[in-house]
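**Q** First the structure, then my questions, so here it is.
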Amino acid sequence: MSPHAKPRNERAWFLVLPVCVLVAFNALIPLMTVVNYSVQDIVSPDQRVFVGWEWFKSVLRDPELHAAFGRQVLFSVVVLAIELPLGLSVALCLPRGPGGSTWQASLCTVLIAMPLLVPWNVVGTIWQVFARTDIGLGGAVLTKLGVDYNYALDPVHAWGTVVVMDVWHWTPLVVLLCYAGLRAIPETYYGAAAVDGASRWAVFRYIELPRLSGVLTIGVLLRFMDSFVIYTEPFVLTGGGPGSSTTFLSQHLSTLAVGQFDLGRASAFSLIYFLPILIVCYVFYTLMTREERS
Amino acid sequence: MYWTVPTAVVFVVLGLILAGMTVWELRAPDLARRGWLPILTTRGDRLFLGLVSVAVANLAWTGLTDVSQWGGLAVSVVVFAIVFRWG
């Protein structure tokens with residue numbers, strides 16, 4: 001080694017060890033367990049049979065799973081289609097002081113963020129009471145308006161209630177993300193637009209929207225992931241009914257794993273369920289880092 | 001956790017692939033490039049996409065055909081090679 005060469009020190013790699021241990025216990029060992037369960041029929045701790053791909057075949061050809069998958073995709077698409085434009089619109093309406101935050105903006109963001117603080121099971125309970133036609137404000141108002149509303153019996157009403165509940169719960173997240181993105185746009189951009197005589201729409205289309213693409217991507221990713229694994233709120237609100245009209249994938253999975261204790265099928269289902277989430281995560285990660293990559 | 005020989009083989013092979021990729025990267029650092037995939041990819045990206053393709057190909061074979069799973073494995077190996085080499 002020349003006297004001017006920097007000594008090479010690899011000891012920093014030890015700092016990664018805690019993360020490795022955490023990932024092993026948090027992800028790797030559970031994943032290995034699920035993979036092992038998915039290829040066996042475990043009758044009892046002493047009695048188990050290797051069945052190969054049979055559980056996967058059974059799950060992939062299950063019409064109930066196909067229906068639950070369809071409902072899940074539809075739910076994710078609907079809530080994303082509502083929450084993103086709505087969240088962006090609300091964020092655009094929030095006051096933005098020229099030099100920093102105003103007290104009105106702070107008050108609005110605190111009020112808007114309140115649904116995010118409510119635990120998921122409580123959200124379900126709140127909406128269960130709110131949607132009742134006898135004692136709930138929402139249900140009673142709809143009944144007074146002449147709507148024969150009953151979310152426990154009508155699948156369309158159940159769907160509408162679950163979607164509105166999710167919009168109420170999660171649109172604030174999109175609002176906060178967009179508002180933070182809007183606040184990060186330098187005033188000089190708006191100044192230049194004013195000099196050019198740009199309309200409000202032009203400012204939104206050519207300044208705000210491009211500058212918000214990063215936070216909107218994060219918003220889509222977060223909301224897609226959350227909505228695709230939704231469980232607690234619809235479970236508390238409708239219990240998956242009426243019939244199975246609001247039974248989404250997580251609830252179908254929990255019925256298999258906990259209700260029927262069918263661990264082989266539930267494990268195969270979990271691994272299949274994991275795959276689209278993994279793919280979507282990769283796509284969004286690639287989109288978010290595309291500038292860095294190029 | 002009740003291990004079986006096939007699942008143990010899968011995880012050992014995955015571990016060996018990751019170890020091999022690490023050694024390969026240390027000896028010959030890789031630059032991102034563009035193949036037939038519409039994005040810039042590194043060797044690690046193509047490995048990940050190849051493994052995901054293997055899973056999808058095997059599941060599609062299981063779900064859509066009643067032919068032996070060895071056929072699905074053969075198809076998935078070809079898919080992996082295409083993604084990893086030319087992706």
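Ligands are numbered from 1 in the order shown, chains are lettered A, B, ... in the order of the structure tokens, and residues start at 1 in each chain.
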Write out, as JSON lines, each residue of chain B that has an atom at most 9 Å from chain A, together with the closest pair of atoms and their distance in Å to one decimal, counting only C-alpha atoms, rows going by chain and rising number.
**A**
```
{"residue": "B:Met1", "atom": "CA", "partner": "A:Thr33", "partner_atom": "CA", "distance": 5.5}
{"residue": "B:Tyr2", "atom": "CA", "partner": "A:Asn36", "partner_atom": "CA", "distance": 6.5}
{"residue": "B:Trp3", "atom": "CA", "partner": "A:Asn36", "partner_atom": "CA", "distance": 5.9}
{"residue": "B:Thr4", "atom": "CA", "partner": "A:Asn36", "partner_atom": "CA", "distance": 6.9}
{"residue": "B:Pro6", "atom": "CA", "partner": "A:Gly52", "partner_atom": "CA", "distance": 8.7}
{"residue": "B:Thr7", "atom": "CA", "partner": "A:Asn36", "partner_atom": "CA", "distance": 6.3}
{"residue": "B:Ala8", "atom": "CA", "partner": "A:Asn36", "partner_atom": "CA", "distance": 8.7}
{"residue": "B:Phe11", "atom": "CA", "partner": "A:Met32", "partner_atom": "CA", "distance": 8.1}
{"residue": "B:Ala32", "atom": "CA", "partner": "A:Arg293", "partner_atom": "CA", "distance": 7.8}
{"residue": "B:Ile39", "atom": "CA", "partner": "A:Arg290", "partner_atom": "CA", "distance": 8.1}
{"residue": "B:Leu40", "atom": "CA", "partner": "A:Arg293", "partner_atom": "CA", "distance": 6.8}
{"residue": "B:Thr41", "atom": "CA", "partner": "A:Arg293", "partner_atom": "CA", "distance": 8.5}
{"residue": "B:Leu49", "atom": "CA", "partner": "A:Ile279", "partner_atom": "CA", "distance": 8.7}
{"residue": "B:Val52", "atom": "CA", "partner": "A:Leu275", "partner_atom": "CA", "distance": 7.7}
{"residue": "B:Ala55", "atom": "CA", "partner": "A:Leu275", "partner_atom": "CA", "distance": 8.2}
{"residue": "B:Val56", "atom": "CA", "partner": "A:Leu275", "partner_atom": "CA", "distance": 8.1}
{"residue": "B:Leu59", "atom": "CA", "partner": "A:Phe56", "partner_atom": "CA", "distance": 7.5}
{"residue": "B:Ala60", "atom": "CA", "partner": "A:Leu60", "partner_atom": "CA", "distance": 8.8}
{"residue": "B:Thr62", "atom": "CA", "partner": "A:Lys57", "partner_atom": "CA", "distance": 5.6}
{"residue": "B:Gly63", "atom": "CA", "partner": "A:Leu60", "partner_atom": "CA", "distance": 5.4}
{"residue": "B:Leu64", "atom": "CA", "partner": "A:Arg61", "partner_atom": "CA", "distance": 8.5}
{"residue": "B:Gln69", "atom": "CA", "partner": "A:Trp53", "partner_atom": "CA", "distance": 8.0}
```
**Q** Find the spatial neighbours of Phe84 (chain B), counting only C-alpha atoms, within a cut-off of 10 Å - ignore same-chain residues fewer than 2 positions away - and output them as a PyMOL selection string.
**A** chain B and resi 35+41-51+78-82+86-87
**Q** How many Å lie between CA of Thr109 (chain A) and CA of Phe235 (chain A), rounded to one decimal?
**A**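 CA of Thr109 (chain A) sits 29.1 Å away from CA of Phe235 (chain A).
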**Q** Would you compute the distance between CA of Val9 (chain B) and CA of Phe261 (chain A)? Give it in Å to one decimal.
**A**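 Between CA of Val9 (chain B) and CA of Phe261 (chain A) the gap works out to 27.2 Å.
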**Q** Could you pull out the helix (DSSP H, G or I) residues of region 23-83 of chain B, going by DSSP on the backbone, and write them as JSON, numbers by chain?
**A** {"B": [23, 24, 25, 26, 27, 43, 44, 45, 46, 47, 48, 49, 50, 51, 52, 53, 54, 55, 56, 57, 58, 59, 60, 61, 62, 63, 64, 69, 70, 71, 72, 73, 74, 75, 76, 77, 78, 79, 80, 81, 82, 83]}
**Q** Taking C-alpha atoms for each residue, export the selection above as a compact mmCIF listing (two decimals), in the first residue's frame.
**A**
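Contents of the output file out.txt:
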```
# COMPACT_ATOMS: atom_id res chain seq x y z
CA VAL B 23 -19.37 -12.07 -4.44
CA TRP B 24 -19.97 -11.30 -8.12
CA GLU B 25 -20.81 -7.67 -7.31
CA LEU B 26 -17.68 -7.29 -5.17
CA ARG B 27 -15.45 -8.72 -7.89
CA ARG B 43 -28.03 -7.10 -11.94
CA GLY B 44 -29.87 -7.18 -8.60
CA ASP B 45 -33.02 -5.72 -10.19
CA ARG B 46 -32.99 -8.39 -12.88
CA LEU B 47 -32.46 -11.11 -10.26
CA PHE B 48 -35.47 -9.83 -8.29
CA LEU B 49 -37.66 -9.54 -11.39
CA GLY B 50 -36.48 -12.96 -12.54
CA LEU B 51 -37.43 -14.56 -9.23
CA VAL B 52 -40.82 -12.85 -9.24
CA SER B 53 -41.31 -14.11 -12.82
CA VAL B 54 -40.43 -17.63 -11.67
CA ALA B 55 -43.11 -17.43 -8.97
CA VAL B 56 -45.71 -16.04 -11.39
CA ALA B 57 -44.90 -18.65 -14.07
CA ASN B 58 -45.15 -21.52 -11.57
CA LEU B 59 -48.42 -20.23 -10.13
CA ALA B 60 -49.88 -19.70 -13.59
CA TRP B 61 -48.88 -23.26 -14.51
CA THR B 62 -50.49 -24.60 -11.35
CA GLY B 63 -53.66 -22.58 -11.74
CA LEU B 64 -54.19 -23.05 -15.46
CA GLN B 69 -45.31 -29.07 -12.12
CA TRP B 70 -41.92 -29.98 -13.61
CA GLY B 71 -43.23 -28.38 -16.81
CA GLY B 72 -43.89 -25.17 -14.88
CA LEU B 73 -40.40 -25.30 -13.44
CA ALA B 74 -38.88 -25.70 -16.92
CA VAL B 75 -40.89 -22.74 -18.25
CA SER B 76 -39.96 -20.62 -15.24
CA VAL B 77 -36.24 -21.36 -15.71
CA VAL B 78 -36.49 -20.17 -19.32
CA VAL B 79 -38.39 -17.03 -18.18
CA PHE B 80 -35.76 -16.37 -15.51
CA ALA B 81 -32.95 -16.69 -18.06
CA ILE B 82 -34.70 -14.28 -20.45
CA VAL B 83 -35.28 -11.68 -17.73
```
**Q** Tell me, as an NGL selection string, which residues lie within 12 Å of Leu117 (chain A), counting only C-alpha atoms; anything in the same chain fewer than 4 positions away does not count.
**A** :A and (110-113 or 121-123 or 169-170 or 172-173)
**Q** Can you measure CA of Gly70 (chain A) to CA of Thr247 (chain A) for me? One decimal in Å is fine.
**A** 10.5 Å
**Q** Please, which residues of region 17-104 of chain A, numbered as in this document, come out strand (DSSP E or B) from DSSP, as a list in words?
**A** Gln40, Asp41, Ile42, Val43, Ser44, Gln47, Arg48, Val49 and Phe50 of chain A
**Q** Write out as a compact mmCIF listing (two decimals) with all heavy atoms, in the first residue's frame each polymer residue whose atoms come within 9 Å of region 131-134 of chain A, counting only C-alpha atoms; drop sequence neighbours fewer than 4 positions from it.
**A**
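This is the output file part18.txt:
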```txt
# COMPACT_ATOMS: atom_id res chain seq x y z
N ILE A 126 -67.45 3.47 15.00
CA ILE A 126 -68.06 4.80 14.82
C ILE A 126 -69.04 4.75 13.64
O ILE A 126 -70.18 5.21 13.73
CB ILE A 126 -66.97 5.86 14.53
CG1 ILE A 126 -66.15 6.15 15.80
CG2 ILE A 126 -67.58 7.15 13.99
CD1 ILE A 126 -64.94 7.04 15.54
N TRP A 127 -68.59 4.16 12.54
CA TRP A 127 -69.43 4.14 11.34
C TRP A 127 -70.59 3.16 11.48
O TRP A 127 -71.64 3.35 10.87
CB TRP A 127 -68.58 3.86 10.10
CG TRP A 127 -67.94 5.13 9.66
CD1 TRP A 127 -66.81 5.70 10.16
CD2 TRP A 127 -68.44 6.04 8.68
NE1 TRP A 127 -66.57 6.90 9.55
CE2 TRP A 127 -67.55 7.13 8.62
CE3 TRP A 127 -69.55 6.04 7.84
CZ2 TRP A 127 -67.74 8.21 7.77
CZ3 TRP A 127 -69.73 7.12 6.97
CH2 TRP A 127 -68.84 8.18 6.95
N GLY A 138 -76.07 9.54 10.26
CA GLY A 138 -76.04 9.33 8.82
C GLY A 138 -77.21 8.50 8.33
O GLY A 138 -77.92 8.88 7.38
N GLY A 139 -77.47 7.37 8.98
CA GLY A 139 -78.57 6.49 8.59
C GLY A 139 -79.91 7.17 8.74
O GLY A 139 -80.79 7.06 7.86
N ALA A 140 -80.08 7.90 9.85
CA ALA A 140 -81.36 8.57 10.10
C ALA A 140 -81.62 9.65 9.06
O ALA A 140 -82.75 9.80 8.57
CB ALA A 140 -81.36 9.16 11.51
N VAL A 141 -80.57 10.42 8.72
CA VAL A 141 -80.75 11.49 7.73
C VAL A 141 -81.14 10.90 6.38
O VAL A 141 -82.05 11.39 5.70
CB VAL A 141 -79.45 12.33 7.61
CG1 VAL A 141 -79.48 13.24 6.39
CG2 VAL A 141 -79.23 13.16 8.87
N LEU A 142 -80.45 9.82 5.98
CA LEU A 142 -80.78 9.19 4.69
C LEU A 142 -82.22 8.68 4.69
O LEU A 142 -82.94 8.82 3.69
CB LEU A 142 -79.81 8.03 4.41
CG LEU A 142 -78.41 8.44 3.93
CD1 LEU A 142 -77.49 7.23 3.88
CD2 LEU A 142 -78.48 9.10 2.56
N THR A 143 -82.65 8.11 5.81
CA THR A 143 -84.02 7.61 5.90
C THR A 143 -85.01 8.76 5.81
O THR A 143 -86.04 8.67 5.12
CB THR A 143 -84.21 6.84 7.23
OG1 THR A 143 -83.17 5.87 7.33
CG2 THR A 143 -85.55 6.15 7.28
N TYR A 149 -82.46 3.10 3.24
CA TYR A 149 -81.06 2.74 3.49
C TYR A 149 -80.95 1.66 4.57
O TYR A 149 -81.54 1.77 5.63
CB TYR A 149 -80.31 4.01 3.95
CG TYR A 149 -78.90 3.78 4.40
CD1 TYR A 149 -77.88 3.59 3.48
CD2 TYR A 149 -78.57 3.76 5.76
CE1 TYR A 149 -76.57 3.38 3.89
CE2 TYR A 149 -77.28 3.55 6.18
CZ TYR A 149 -76.28 3.36 5.25
OH TYR A 149 -75.00 3.16 5.66
N ASN A 150 -80.18 0.60 4.22
CA ASN A 150 -79.90 -0.44 5.21
C ASN A 150 -78.62 -1.17 4.81
O ASN A 150 -78.64 -2.04 3.94
CB ASN A 150 -81.07 -1.42 5.31
CG ASN A 150 -80.91 -2.34 6.51
OD1 ASN A 150 -79.79 -2.56 6.98
ND2 ASN A 150 -82.01 -2.87 7.01
N TYR A 151 -77.53 -0.76 5.42
CA TYR A 151 -76.24 -1.32 4.99
C TYR A 151 -76.07 -2.78 5.41
O TYR A 151 -75.20 -3.49 4.89
CB TYR A 151 -75.08 -0.47 5.52
CG TYR A 151 -74.77 -0.64 6.98
CD1 TYR A 151 -73.86 -1.59 7.40
CD2 TYR A 151 -75.38 0.15 7.94
CE1 TYR A 151 -73.57 -1.76 8.74
CE2 TYR A 151 -75.11 -0.01 9.28
CZ TYR A 151 -74.20 -0.96 9.67
OH TYR A 151 -73.92 -1.14 10.99
N THR A 161 -71.16 2.45 2.15
CA THR A 161 -70.77 2.83 3.51
C THR A 161 -69.29 2.52 3.76
O THR A 161 -68.57 3.34 4.34
CB THR A 161 -71.64 2.07 4.54
OG1 THR A 161 -73.00 2.15 4.15
CG2 THR A 161 -71.48 2.66 5.92
```
